[in-house]
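Engineer: Compact mmCIF, C-alpha atoms, saved as protein_3.txt, coming up:
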# COMPACT_ATOMS: atom_id res chain seq x y z
CA MET A 206 131.51 -26.98 -30.65
CA SER A 207 131.93 -30.70 -31.17
CA ASP A 208 129.73 -31.07 -34.26
CA PHE A 209 130.93 -29.25 -37.36
CA ARG A 210 128.00 -30.12 -39.62
CA THR A 211 125.51 -27.32 -40.17
CA ASP A 212 121.83 -27.87 -39.41
CA LEU A 213 120.98 -27.37 -43.07
CA GLY A 214 123.50 -30.04 -44.09
CA LYS A 215 121.91 -32.50 -41.69
CA VAL A 216 118.40 -31.78 -42.91
CA ARG A 217 119.34 -32.23 -46.55
CA GLY A 218 120.93 -35.54 -45.71
CA ILE A 219 123.42 -35.35 -48.54
CA GLY A 220 126.59 -35.30 -46.52
CA ALA A 221 129.53 -37.57 -47.20
CA ALA A 222 128.47 -41.10 -48.07
CA LYS A 223 131.70 -42.44 -46.49
CA GLY A 224 132.53 -44.20 -49.72
CA GLY A 225 134.88 -41.57 -51.15
CA VAL A 226 138.14 -43.14 -50.04
CA HIS A 227 137.14 -46.47 -51.56
CA GLU A 228 136.33 -44.79 -54.88
CA PHE A 229 139.52 -42.72 -54.79
CA ILE A 230 141.71 -45.79 -54.20
CA THR A 231 139.94 -48.19 -56.60
CA HIS A 232 139.96 -45.50 -59.31
CA ARG A 233 143.75 -45.44 -59.09
CA VAL A 234 144.20 -49.18 -58.67
CA SER A 235 142.12 -49.79 -61.79
CA ALA A 236 144.29 -47.17 -63.54
CA VAL A 237 147.40 -49.21 -62.70
CA VAL A 238 145.70 -52.40 -63.95
CA LEU A 239 144.73 -50.65 -67.21
CA ALA A 240 148.22 -49.20 -67.69
CA ILE A 241 149.67 -52.72 -67.44
CA LEU A 242 147.04 -54.20 -69.80
CA LEU A 243 147.07 -51.42 -72.41
CA PRO A 244 150.20 -52.51 -74.35
CA PHE A 245 148.83 -56.07 -74.60
CA PHE A 246 145.42 -54.80 -75.70
CA VAL A 247 146.83 -52.47 -78.37
CA TYR A 248 149.25 -55.15 -79.61
CA GLY A 249 146.47 -57.76 -79.85
CA LEU A 250 144.16 -55.31 -81.61
CA MET A 251 146.83 -54.28 -84.11
CA LYS A 252 147.55 -57.94 -84.90
CA ALA A 253 143.89 -58.95 -85.16
CA LEU A 254 142.37 -56.04 -87.11
CA PRO A 255 144.07 -56.80 -90.49
CA GLY A 256 142.59 -60.34 -90.34
CA GLY A 257 138.99 -59.06 -90.55
CA TYR A 258 136.24 -61.25 -89.11
CA ASP A 259 138.41 -64.37 -88.85
CA GLY A 260 141.36 -62.49 -87.38
CA LEU A 261 139.24 -60.83 -84.69
CA LEU A 262 137.51 -64.12 -83.90
CA ALA A 263 140.88 -65.88 -83.51
CA TRP A 264 142.09 -63.12 -81.17
CA VAL A 265 138.99 -63.12 -78.94
CA GLY A 266 138.94 -66.93 -79.02
CA SER A 267 142.53 -67.40 -77.88
CA PRO A 268 143.12 -67.78 -74.11
CA THR A 269 145.47 -64.79 -73.91
CA GLY A 270 143.24 -62.64 -76.12
CA ALA A 271 140.14 -63.52 -74.10
CA PHE A 272 141.97 -62.85 -70.83
CA VAL A 273 143.33 -59.48 -71.94
CA LEU A 274 139.94 -58.43 -73.35
CA LEU A 275 137.97 -59.57 -70.28
CA ALA A 276 140.39 -57.85 -67.90
CA PHE A 277 140.69 -54.70 -70.03
CA LEU A 278 136.94 -54.34 -70.55
CA SER A 279 136.17 -54.99 -66.87
CA ALA A 280 138.84 -52.68 -65.44
CA GLY A 281 138.09 -50.09 -68.15
CA ILE A 282 134.36 -49.92 -67.56
CA TYR A 283 134.90 -49.87 -63.79
CA HIS A 284 137.43 -47.04 -64.14
CA GLY A 285 135.28 -45.22 -66.69
CA ARG A 286 132.16 -45.41 -64.55
CA LEU A 287 134.01 -43.84 -61.61
CA GLY A 288 135.38 -41.16 -63.94
CA ILE A 289 132.00 -40.30 -65.41
CA ASN A 290 130.52 -40.21 -61.89
CA GLU A 291 133.22 -37.69 -60.97
CA VAL A 292 132.35 -35.54 -63.98
CA ILE A 293 128.64 -35.75 -63.07
CA SER A 294 129.25 -34.77 -59.45
CA ASP A 295 131.42 -31.86 -60.61
CA TYR A 296 129.01 -30.33 -63.11
CA VAL A 297 125.45 -31.40 -62.24
CA GLN A 298 124.27 -29.17 -59.41
CA THR A 299 120.71 -30.41 -58.81
CA THR A 300 120.71 -33.36 -56.41
CA GLY A 301 117.87 -35.21 -58.16
CA ILE A 302 119.32 -34.94 -61.68
CA ARG A 303 122.76 -35.78 -60.31
CA SER A 304 121.52 -38.96 -58.63
CA LEU A 305 119.51 -39.90 -61.71
CA SER A 306 122.56 -39.38 -63.96
CA MET A 307 124.67 -41.61 -61.73
CA ILE A 308 122.00 -44.34 -61.73
CA LEU A 309 121.82 -44.12 -65.54
CA ASN A 310 125.62 -44.31 -65.66
CA ALA A 311 125.52 -47.44 -63.48
CA LEU A 312 122.91 -49.05 -65.75
CA VAL A 313 124.83 -48.23 -68.95
CA SER A 314 128.15 -49.40 -67.46
CA VAL A 315 126.86 -52.70 -66.12
CA SER A 316 124.89 -53.39 -69.33
CA ALA A 317 127.91 -52.73 -71.55
CA TRP A 318 130.09 -54.86 -69.29
CA LEU A 319 127.61 -57.76 -69.42
CA ILE A 320 127.20 -57.48 -73.21
CA GLY A 321 130.98 -57.45 -73.72
CA VAL A 322 131.75 -60.25 -71.26
CA LEU A 323 129.00 -62.53 -72.62
CA ALA A 324 130.23 -61.92 -76.17
CA ILE A 325 133.84 -62.75 -75.26
CA LEU A 326 132.78 -65.88 -73.37
CA LYS A 327 130.55 -67.01 -76.25
CA ILE A 328 133.44 -66.69 -78.71
CA TRP A 329 136.09 -68.11 -76.42
CA LEU A 330 134.23 -71.08 -74.88
CA MET B 18 125.97 -17.82 -61.84
CA ALA B 19 127.21 -14.23 -62.13
CA LYS B 20 123.66 -12.88 -62.00
CA SER B 21 122.79 -14.54 -58.70
CA TRP B 22 126.08 -13.42 -57.16
CA THR B 23 125.27 -10.55 -54.78
CA ASP B 24 128.33 -10.62 -52.54
CA LYS B 25 130.40 -7.49 -53.18
CA ARG B 26 133.64 -8.98 -51.88
CA PRO B 27 136.31 -10.16 -54.38
CA MET B 28 135.50 -13.52 -55.93
CA SER B 29 138.10 -16.19 -56.55
CA PRO B 30 139.19 -16.49 -60.22
CA HIS B 31 136.84 -18.38 -62.51
CA ILE B 32 137.48 -20.27 -65.81
CA SER B 33 137.17 -17.20 -68.04
CA ILE B 34 139.98 -15.17 -66.46
CA TRP B 35 142.66 -17.85 -66.14
CA LYS B 36 145.63 -17.58 -68.45
CA TRP B 37 145.99 -20.81 -70.44
CA HIS B 38 149.03 -22.91 -69.61
CA PRO B 39 150.12 -26.47 -70.54
CA THR B 40 149.21 -28.22 -67.28
CA MET B 41 145.73 -26.71 -67.43
CA LEU B 42 145.35 -27.93 -71.01
CA SER B 43 146.52 -31.45 -70.11
CA SER B 44 144.15 -31.58 -67.13
CA ILE B 45 141.15 -30.60 -69.30
CA LEU B 46 142.27 -33.02 -72.02
CA HIS B 47 142.55 -35.83 -69.46
CA ARG B 48 138.90 -35.42 -68.55
CA ALA B 49 137.76 -35.00 -72.17
CA THR B 50 139.75 -38.03 -73.37
CA GLY B 51 138.38 -40.04 -70.45
CA ILE B 52 134.83 -39.36 -71.63
CA VAL B 53 135.76 -40.30 -75.22
CA LEU B 54 137.37 -43.55 -74.02
CA TYR B 55 134.30 -44.47 -71.99
CA ILE B 56 132.20 -44.16 -75.16
CA GLY B 57 134.91 -46.17 -76.96
CA LEU B 58 134.60 -48.99 -74.41
CA LEU B 59 130.82 -49.09 -74.87
CA GLU B 60 131.45 -49.37 -78.62
CA LEU B 61 133.99 -52.15 -78.04
CA ALA B 62 131.40 -54.14 -76.08
CA ILE B 63 128.82 -53.68 -78.85
CA VAL B 64 131.27 -54.64 -81.63
CA LEU B 65 132.20 -57.77 -79.62
CA ALA B 66 128.51 -58.66 -79.42
CA PHE B 67 128.18 -58.28 -83.22
CA LEU B 68 131.32 -60.41 -83.63
CA ALA B 69 129.88 -63.11 -81.37
CA ALA B 70 126.56 -63.09 -83.27
CA GLY B 71 128.20 -64.42 -86.46
CA PRO B 72 129.56 -63.26 -89.82
CA GLU B 73 126.27 -61.88 -91.18
CA TRP B 74 125.93 -59.64 -88.10
CA PHE B 75 129.58 -58.62 -88.14
CA ALA B 76 129.18 -57.58 -91.78
CA LYS B 77 126.79 -54.86 -90.58
CA VAL B 78 129.43 -53.18 -88.40
CA GLU B 79 132.41 -54.01 -90.61
CA PRO B 80 132.20 -50.79 -92.69
CA LEU B 81 132.53 -48.82 -89.44
CA VAL B 82 136.00 -50.29 -88.96
CA TYR B 83 137.25 -51.01 -92.48
CA SER B 84 136.72 -47.69 -94.24
CA PRO B 85 138.36 -44.26 -94.40
CA ILE B 86 136.04 -43.13 -91.59
CA GLY B 87 137.04 -46.23 -89.61
CA ALA B 88 140.71 -45.41 -90.15
CA PHE B 89 140.15 -41.89 -88.90
CA ALA B 90 138.18 -43.21 -85.91
CA PHE B 91 141.08 -45.58 -85.14
CA PHE B 92 143.56 -42.70 -85.41
CA PHE B 93 141.45 -40.50 -83.13
CA VAL B 94 140.68 -43.11 -80.47
CA ILE B 95 144.19 -44.60 -80.37
CA GLY B 96 145.65 -41.09 -79.95
CA VAL B 97 143.17 -40.35 -77.18
CA LEU B 98 143.96 -43.71 -75.57
CA VAL B 99 147.73 -43.16 -75.64
CA TYR B 100 147.27 -39.63 -74.28
CA HIS B 101 145.05 -40.76 -71.39
CA PHE B 102 147.52 -43.59 -70.68
CA LEU B 103 150.60 -41.33 -70.58
CA ASN B 104 148.90 -38.50 -68.70
CA GLY B 105 147.32 -41.07 -66.35
CA ILE B 106 150.77 -42.33 -65.41
CA ARG B 107 151.74 -38.71 -64.75
CA HIS B 108 148.68 -38.35 -62.50
CA LEU B 109 149.77 -41.46 -60.56
CA VAL B 110 153.21 -39.88 -60.13
CA TRP B 111 151.51 -36.69 -58.92
CA ASP B 112 149.50 -38.79 -56.45
CA ILE B 113 152.70 -39.90 -54.74
CA GLY B 114 153.69 -36.24 -54.49
CA ALA B 115 156.34 -35.99 -57.21
CA GLY B 116 156.64 -34.00 -60.44
CA PHE B 117 155.08 -30.71 -59.30
CA ASN B 118 157.91 -28.42 -60.41
CA PRO B 119 156.00 -26.00 -62.70
CA LYS B 120 158.63 -25.89 -65.44
CA LEU B 121 158.95 -29.69 -65.56
CA ALA B 122 155.17 -30.21 -65.31
CA ASN B 123 154.51 -27.84 -68.21
CA MET B 124 157.16 -29.54 -70.31
CA VAL B 125 155.79 -33.01 -69.52
CA SER B 126 152.31 -31.80 -70.58
CA LEU B 127 153.54 -30.67 -73.99
CA VAL B 128 155.71 -33.76 -74.52
CA THR B 129 152.77 -36.04 -73.60
CA ILE B 130 150.50 -34.37 -76.16
CA LEU B 131 153.21 -34.50 -78.83
CA VAL B 132 154.14 -38.15 -78.16
CA SER B 133 150.50 -39.29 -78.29
CA ALA B 134 149.98 -37.48 -81.61
CA VAL B 135 153.13 -39.07 -83.08
CA LEU B 136 152.19 -42.55 -81.79
CA ALA B 137 148.64 -42.18 -83.16
CA VAL B 138 150.03 -41.37 -86.61
CA TYR B 139 152.55 -44.23 -86.39
CA LEU B 140 150.05 -46.89 -85.23
CA THR B 141 147.49 -45.82 -87.85
CA TRP B 142 150.17 -45.97 -90.53
CA LEU B 143 151.25 -49.43 -89.32
CA LEU B 144 147.67 -50.70 -89.35
CA ALA B 145 146.88 -49.21 -92.75
CA GLY B 146 150.00 -50.94 -94.12
CA ALA B 147 148.99 -54.27 -92.60
CA ILE B 148 145.42 -54.09 -93.95
CA GLN B 149 146.44 -53.44 -97.57
Spell out the structure here as structure tokens.
Structural biologist:
Amino acid sequence: MSDFRTDLGKVRGIGAAKGGVHEFITHRVSAVVLAILLPFFVYGLMKALPGGYDGLLAWVGSPTGAFVLLAFLSAGIYHGRLGINEVISDYVQTTGIRSLSMILNALVSVSAWLIGVLAILKIWL
Amino acid sequence: MAKSWTDKRPMSPHISIWKWHPTMLSSILHRATGIVLYIGLLELAIVLAFLAAGPEWFAKVEPLVYSPIGAFAFFFVIGVLVYHFLNGIRHLVWDIGAGFNPKLANMVSLVTILVSAVLAVYLTWLLAGAIQ
């Protein structure tokens, strides 16, 4: 027996997508990035929040603030999207609803990322 | 699931019959806090958009941040963030194959939860002091 896939598995066509290792590794790499950024993000937020509108604007508008926010938001949404996909693939058993949920997750993630990035760039530039 | 199960042979243990222990709690919390943080990031993006739109737009979301509810939300999310951060580092250590001694792992779970609660209280207290 050289082929270990069952006939049913082949017919359904939902075997491994061969992208799992990439997701596994990038999930962890983005975790490392976020762990490094987190202290800077929390520090910046704590400093900016007491200043209200002007304080927040000064934080987002500064080069370091904009960099930390852009990197944190990007790595965070990337990491979060992979995490939510993992939750979906664990708990949603119907293939159609599972695929639909993941597509919705992709749309929400990319939209939020674009909204956040455009807002930061508008304030910073 | 139990209704459609017709196989008479012993079934492997399911959620309901596991005894609760710290590492199990921290694993469940990691997933739950991850979901909360994802929603938090979406909110961050939206608040940034309101900030970029100008003062009259920011005034609409300001009460969400600068109010008792906002303070509680900050306390909750910052605690969740610190927990996911600390437990995430532990998961990275697990990924390289270290830290699996049950006694140590259980202790680390409890310490992580405790430290994030303490830090959440401290950071909220710091912020509340700075705002007044």
Engineer: So how far away is CA of Ala324 (chain A) from CA of Val237 (chain A), in Å?
Structural biologist: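 Result for CA of Val237 (chain A) versus CA of Ala324 (chain A): 25.3 Å, one decimal.
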Engineer: If the cut-off is 10 Å, can you tell me the residues of chain B near chain A, counting all atoms listed in the file? I'd like them as a ChimeraX atom specification.
Structural biologist: /B:48-49,51-56,58-72,75-76,79,82-83,95,98-99,101-103,105-106,108-109,112,140-141,143-149
Engineer: Write the residues of the preceding selection, restricted to C-alpha atoms, as a PDB file, in the coordinates of the input.
Structural biologist:
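The file below, result-v6.pdb, is the result:
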ATOM      1  CA  ARG B  48     138.900 -35.420 -68.550  1.00  0.00           C
ATOM      2  CA  ALA B  49     137.760 -35.000 -72.170  1.00  0.00           C
ATOM      3  CA  GLY B  51     138.380 -40.040 -70.450  1.00  0.00           C
ATOM      4  CA  ILE B  52     134.830 -39.360 -71.630  1.00  0.00           C
ATOM      5  CA  VAL B  53     135.760 -40.300 -75.220  1.00  0.00           C
ATOM      6  CA  LEU B  54     137.370 -43.550 -74.020  1.00  0.00           C
ATOM      7  CA  TYR B  55     134.300 -44.470 -71.990  1.00  0.00           C
ATOM      8  CA  ILE B  56     132.200 -44.160 -75.160  1.00  0.00           C
ATOM      9  CA  LEU B  58     134.600 -48.990 -74.410  1.00  0.00           C
ATOM     10  CA  LEU B  59     130.820 -49.090 -74.870  1.00  0.00           C
ATOM     11  CA  GLU B  60     131.450 -49.370 -78.620  1.00  0.00           C
ATOM     12  CA  LEU B  61     133.990 -52.150 -78.040  1.00  0.00           C
ATOM     13  CA  ALA B  62     131.400 -54.140 -76.080  1.00  0.00           C
ATOM     14  CA  ILE B  63     128.820 -53.680 -78.850  1.00  0.00           C
ATOM     15  CA  VAL B  64     131.270 -54.640 -81.630  1.00  0.00           C
ATOM     16  CA  LEU B  65     132.200 -57.770 -79.620  1.00  0.00           C
ATOM     17  CA  ALA B  66     128.510 -58.660 -79.420  1.00  0.00           C
ATOM     18  CA  PHE B  67     128.180 -58.280 -83.220  1.00  0.00           C
ATOM     19  CA  LEU B  68     131.320 -60.410 -83.630  1.00  0.00           C
ATOM     20  CA  ALA B  69     129.880 -63.110 -81.370  1.00  0.00           C
ATOM     21  CA  ALA B  70     126.560 -63.090 -83.270  1.00  0.00           C
ATOM     22  CA  GLY B  71     128.200 -64.420 -86.460  1.00  0.00           C
ATOM     23  CA  PRO B  72     129.560 -63.260 -89.820  1.00  0.00           C
ATOM     24  CA  PHE B  75     129.580 -58.620 -88.140  1.00  0.00           C
ATOM     25  CA  ALA B  76     129.180 -57.580 -91.780  1.00  0.00           C
ATOM     26  CA  GLU B  79     132.410 -54.010 -90.610  1.00  0.00           C
ATOM     27  CA  VAL B  82     136.000 -50.290 -88.960  1.00  0.00           C
ATOM     28  CA  TYR B  83     137.250 -51.010 -92.480  1.00  0.00           C
ATOM     29  CA  ILE B  95     144.190 -44.600 -80.370  1.00  0.00           C
ATOM     30  CA  LEU B  98     143.960 -43.710 -75.570  1.00  0.00           C
ATOM     31  CA  VAL B  99     147.730 -43.160 -75.640  1.00  0.00           C
ATOM     32  CA  HIS B 101     145.050 -40.760 -71.390  1.00  0.00           C
ATOM     33  CA  PHE B 102     147.520 -43.590 -70.680  1.00  0.00           C
ATOM     34  CA  LEU B 103     150.600 -41.330 -70.580  1.00  0.00           C
ATOM     35  CA  GLY B 105     147.320 -41.070 -66.350  1.00  0.00           C
ATOM     36  CA  ILE B 106     150.770 -42.330 -65.410  1.00  0.00           C
ATOM     37  CA  HIS B 108     148.680 -38.350 -62.500  1.00  0.00           C
ATOM     38  CA  LEU B 109     149.770 -41.460 -60.560  1.00  0.00           C
ATOM     39  CA  ASP B 112     149.500 -38.790 -56.450  1.00  0.00           C
ATOM     40  CA  LEU B 140     150.050 -46.890 -85.230  1.00  0.00           C
ATOM     41  CA  THR B 141     147.490 -45.820 -87.850  1.00  0.00           C
ATOM     42  CA  LEU B 143     151.250 -49.430 -89.320  1.00  0.00           C
ATOM     43  CA  LEU B 144     147.670 -50.700 -89.350  1.00  0.00           C
ATOM     44  CA  ALA B 145     146.880 -49.210 -92.750  1.00  0.00           C
ATOM     45  CA  GLY B 146     150.000 -50.940 -94.120  1.00  0.00           C
ATOM     46  CA  ALA B 147     148.990 -54.270 -92.600  1.00  0.00           C
ATOM     47  CA  ILE B 148     145.420 -54.090 -93.950  1.00  0.00           C
ATOM     48  CA  GLN B 149     146.440 -53.440 -97.570  1.00  0.00           C
TER      49      GLN B 149
END
Engineer: Do a neighbour search on region 300-312 of chain A at 7 Å with all atoms listed in the file, toss out local chain neighbours closer than 6 positions, and write the hits as a ChimeraX atom specification.
Structural biologist: /A:286,290,293-294
Engineer: Excluding Glu228 (chain A) and any residue of its chain fewer than 4 positions from it, enumerate the residues within 8 Å of it, using all atoms listed in the file, and give them as number ranges by chain.
Structural biologist: A: 224, 232, 287
Engineer: What is the CA of Ala90 (chain B)-CA of Val138 (chain B) distance in Å, reported with one decimal?
Structural biologist: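 For CA of Ala90 (chain B) relative to CA of Val138 (chain B), the distance reads 12.0 Å.
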Engineer: Would you work out the distance separating CA of His47 (chain B) from CA of Leu131 (chain B), expressed in Å to one decimal?
Structural biologist: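 Between CA of His47 (chain B) and CA of Leu131 (chain B) the gap is 14.3 Å.
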Engineer: I want to know what sits within 12 Å of Val135 (chain B), based on all atoms listed in the file, with residues of the same chain fewer than 6 positions away left out; could you give that as a list in words?
Structural biologist: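 Residues near the query, excluding close chain neighbours: Phe92, Phe93, Ile95, Gly96, Val97, Val99, Tyr100, Val128, Thr129, Thr141 and Trp142 of chain B.
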Engineer: Using all atoms listed in the file, which residues sit within 12 Å of Phe117 (chain B) once same-chain residues fewer than 6 positions away are excluded, as JSON, numbers by chain?
Structural biologist: {"B": [40, 107, 108, 110, 111, 123, 124, 125, 126]}
Engineer: Can those selected residues be exported to a file as a PDB file, in the frame of the given file so that it contains C-alpha atoms?
Structural biologist:
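Contents of again_7.pdb, as written:
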ATOM      1  CA  THR B  40     149.210 -28.220 -67.280  1.00  0.00           C
ATOM      2  CA  ARG B 107     151.740 -38.710 -64.750  1.00  0.00           C
ATOM      3  CA  HIS B 108     148.680 -38.350 -62.500  1.00  0.00           C
ATOM      4  CA  VAL B 110     153.210 -39.880 -60.130  1.00  0.00           C
ATOM      5  CA  TRP B 111     151.510 -36.690 -58.920  1.00  0.00           C
ATOM      6  CA  ASN B 123     154.510 -27.840 -68.210  1.00  0.00           C
ATOM      7  CA  MET B 124     157.160 -29.540 -70.310  1.00  0.00           C
ATOM      8  CA  VAL B 125     155.790 -33.010 -69.520  1.00  0.00           C
ATOM      9  CA  SER B 126     152.310 -31.800 -70.580  1.00  0.00           C
TER      10      SER B 126
END
Engineer: Taking all listed atoms of region 280-287 of chain A, build the axis-aligned box, pad each of the six sides by 6 Å, then write its centre and edge lengths in Å to one decimal as JSON.
Structural biologist:
{"center_x": 135.5, "center_y": -48.3, "center_z": -64.9, "size_x": 18.7, "size_y": 20.8, "size_z": 18.5}
Engineer: With distances taken over all atoms listed in the file, which of A:Phe209, A:Pro268, A:Val315, A:Val297 is nearest to Leu330 (chain A)?
Structural biologist: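 When distances to Leu330 (chain A) are compared using all atoms listed in the file, the smallest one comes from A:Pro268.
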